[in-house]
Amino acid sequence: MKVQIINGPNLNLLGSREPDIYGQTAFDTFFNDLQNQYPTVELSYYQSNTEGELIDKMQEVGFTYDGIILNAGAYTHTSIALLDCIRSLTTPVVEVHISNVHAREEFRHKSMISSACRGVIMGFGLNSYRLALEGIVG
Ligand code: DQA
């Protein structure tokens with residue numbers, strides 16, 4: 001199985017960015033552990049701060065991979081372009097958030113992309129990505 005993890009804006013700063021909300025672990029460290037836990041799944045990781053690059057990556061893998069795990073960061077709450085992209089793909093996309101966005105500011109309560117996603121996992125820290133992977137491989 002091939003699964004692509006995609007992180008959006010500011011998620012390159014995981015480990016140092018607002019650690020009380022997002023934790024102290026850099027994503028690379030978490031990603032290596034996750035790959036070791038799922039040796040039969042071919043995991044790839046991509047991060048961009050740019051909306052169009054996220055779309056390019058999703059279009060690249062979104063017709064051949066078995067799943068995409070997407071944390072679109074703040075674009076979650078604004079991007080019709082990401083919504084349209086997810087709708088266009090054949091690969092199922094799981095929306096992920098590290099924090100429980102419903103327990104935060106009201107502007108984070110709306111997701112533009114959820115309706116096009118296979119499922120949504122949030123609030124379990126980096127473990128949200130592992131739970132999303134379980135949803136794809138399970
Ligand atoms: C986030 C939640 C978003 O509201 C925020 O803009 C992020 C991270 C999360 O993983 O909890 O950048 O997607």
# chains A, B, ... in the order shown; residues from 1 in each chain; ligands from 1
call {"tool": "residues_near_ligand", "arguments": {"ligand": "ligand 1", "cutoff": "8 Å", "atoms": "only C-alpha atoms and all ligand atoms", "output": "VMD selection string"}}
result
chain A and resid 8 to 11 21 to 22 71 to 77 96 to 101 108 122 to 123 125
call {"tool": "residues_around", "arguments": {"residues": "A:Ile113", "least_positions_apart": "6", "cutoff": "8 Å", "atoms": "only C-alpha atoms", "output": "list of chain:residue names"}}
result
A:Thr76, A:His77, A:Ser79, A:Ile80, A:Leu82, A:Leu83, A:Ile86, A:Glu95
call {"tool": "closest_residue", "arguments": {"among": "A:Asn127, A:Thr64, A:Asn7, A:Asn32", "to": "A:Glu51", "atoms": "only C-alpha atoms"}}
result
A:Asn7
call {"tool": "select_by_dssp", "arguments": {"residues": "stretch 24-131 of chain A", "states": "strand (DSSP E or B)", "output": "list in words"}}
result
Glu42, Leu43, Ser44, Tyr45, Tyr46, Gln47, Gly67, Ile68, Ile69, Leu70, Asn71, Val93, Val94, Glu95, Val96, His97, Gly119, Val120, Ile121 and Met122 of chain A
call {"tool": "closest_residue", "arguments": {"among": "A:Pro39, A:Gly67, A:Pro19, A:Gly62", "to": "A:Ile5", "atoms": "only C-alpha atoms"}}
result
A:Gly67
call {"tool": "atom_distance", "arguments": {"atom1": "atom CA of A:Thr25", "atom2": "atom CA of A:Phe124"}}
result
13.6 Å
call {"tool": "residues_around", "arguments": {"residues": "A:Leu43", "least_positions_apart": "5", "cutoff": "10 Å", "atoms": "only C-alpha atoms", "output": "JSON, numbers by chain"}}
result
{"A": [1, 2, 3, 4, 5, 31, 32, 34, 35, 38, 67, 68, 133]}
call {"tool": "write_last_selection", "arguments": {"atoms": "C-alpha atoms", "output": "tab-separated table (two decimals), in the first residue's frame"}}
result
chain	number	residue	atom	x	y	z
A	1	MET	CA	0.00	0.00	0.00
A	2	LYS	CA	1.10	3.53	-0.72
A	3	VAL	CA	0.00	6.36	1.56
A	4	GLN	CA	0.98	10.02	1.19
A	5	ILE	CA	1.04	12.32	4.23
A	31	PHE	CA	7.27	10.05	10.62
A	32	ASN	CA	10.24	7.68	11.08
A	34	LEU	CA	5.29	5.68	12.09
A	35	GLN	CA	7.08	4.07	9.15
A	38	TYR	CA	3.84	0.05	9.56
A	67	GLY	CA	-4.69	7.04	0.67
A	68	ILE	CA	-3.77	10.63	1.44
A	133	LEU	CA	-3.50	5.58	8.75
call {"tool": "select_by_dssp", "arguments": {"residues": "chain A", "states": "alpha helix (DSSP H)", "output": "tab-separated table (two decimals) with C-alpha atoms, in the first residue's frame"}}
result
chain	number	residue	atom	x	y	z
A	19	PRO	CA	4.30	23.45	21.72
A	20	ASP	CA	1.47	23.67	24.25
A	21	ILE	CA	-0.95	23.08	21.35
A	22	TYR	CA	1.09	21.08	18.85
A	27	PHE	CA	7.39	15.71	12.32
A	28	ASP	CA	10.41	13.90	10.84
A	29	THR	CA	10.94	12.06	14.14
A	30	PHE	CA	7.28	11.07	14.31
A	31	PHE	CA	7.27	10.05	10.62
A	32	ASN	CA	10.24	7.68	11.08
A	33	ASP	CA	8.55	6.03	14.07
A	34	LEU	CA	5.29	5.68	12.09
A	35	GLN	CA	7.08	4.07	9.15
A	36	ASN	CA	8.71	1.57	11.54
A	37	GLN	CA	5.30	0.73	13.03
A	51	GLU	CA	-1.64	26.30	-1.43
A	52	GLY	CA	-0.87	25.56	-5.09
A	53	GLU	CA	1.99	23.20	-4.20
A	54	LEU	CA	-0.34	21.22	-1.92
A	55	ILE	CA	-2.74	20.89	-4.85
A	56	ASP	CA	0.08	19.85	-7.21
A	57	LYS	CA	1.15	17.08	-4.81
A	58	MET	CA	-2.42	15.84	-4.31
A	59	GLN	CA	-2.98	15.70	-8.09
A	60	GLU	CA	0.35	13.86	-8.49
A	61	VAL	CA	-0.52	11.01	-6.09
A	80	ILE	CA	-12.25	26.12	-1.92
A	81	ALA	CA	-9.35	25.23	-4.22
A	82	LEU	CA	-8.34	22.37	-1.90
A	83	LEU	CA	-11.98	21.27	-1.66
A	84	ASP	CA	-12.27	21.12	-5.46
A	85	CYS	CA	-8.98	19.25	-5.68
A	86	ILE	CA	-10.03	16.59	-3.15
A	87	ARG	CA	-13.33	16.15	-5.01
A	88	SER	CA	-11.41	15.55	-8.24
A	127	ASN	CA	-1.35	10.28	17.06
A	128	SER	CA	-4.16	11.67	14.86
A	129	TYR	CA	-1.99	10.76	11.83
A	130	ARG	CA	-1.58	7.16	13.05
A	131	LEU	CA	-5.33	6.85	13.61
A	132	ALA	CA	-5.94	8.17	10.09
A	133	LEU	CA	-3.50	5.58	8.75
A	134	GLU	CA	-5.39	2.86	10.65
A	135	GLY	CA	-8.54	4.08	8.93
A	136	ILE	CA	-6.89	3.71	5.52
A	137	VAL	CA	-5.17	0.34	6.04
call {"tool": "atom_distance", "arguments": {"atom1": "atom CA of A:Thr50", "atom2": "atom CA of A:Ser115"}}
result
22.0 Å
call {"tool": "atom_distance", "arguments": {"atom1": "atom CA of A:Ile6", "atom2": "atom CA of A:Gln24"}}
result
19.2 Å
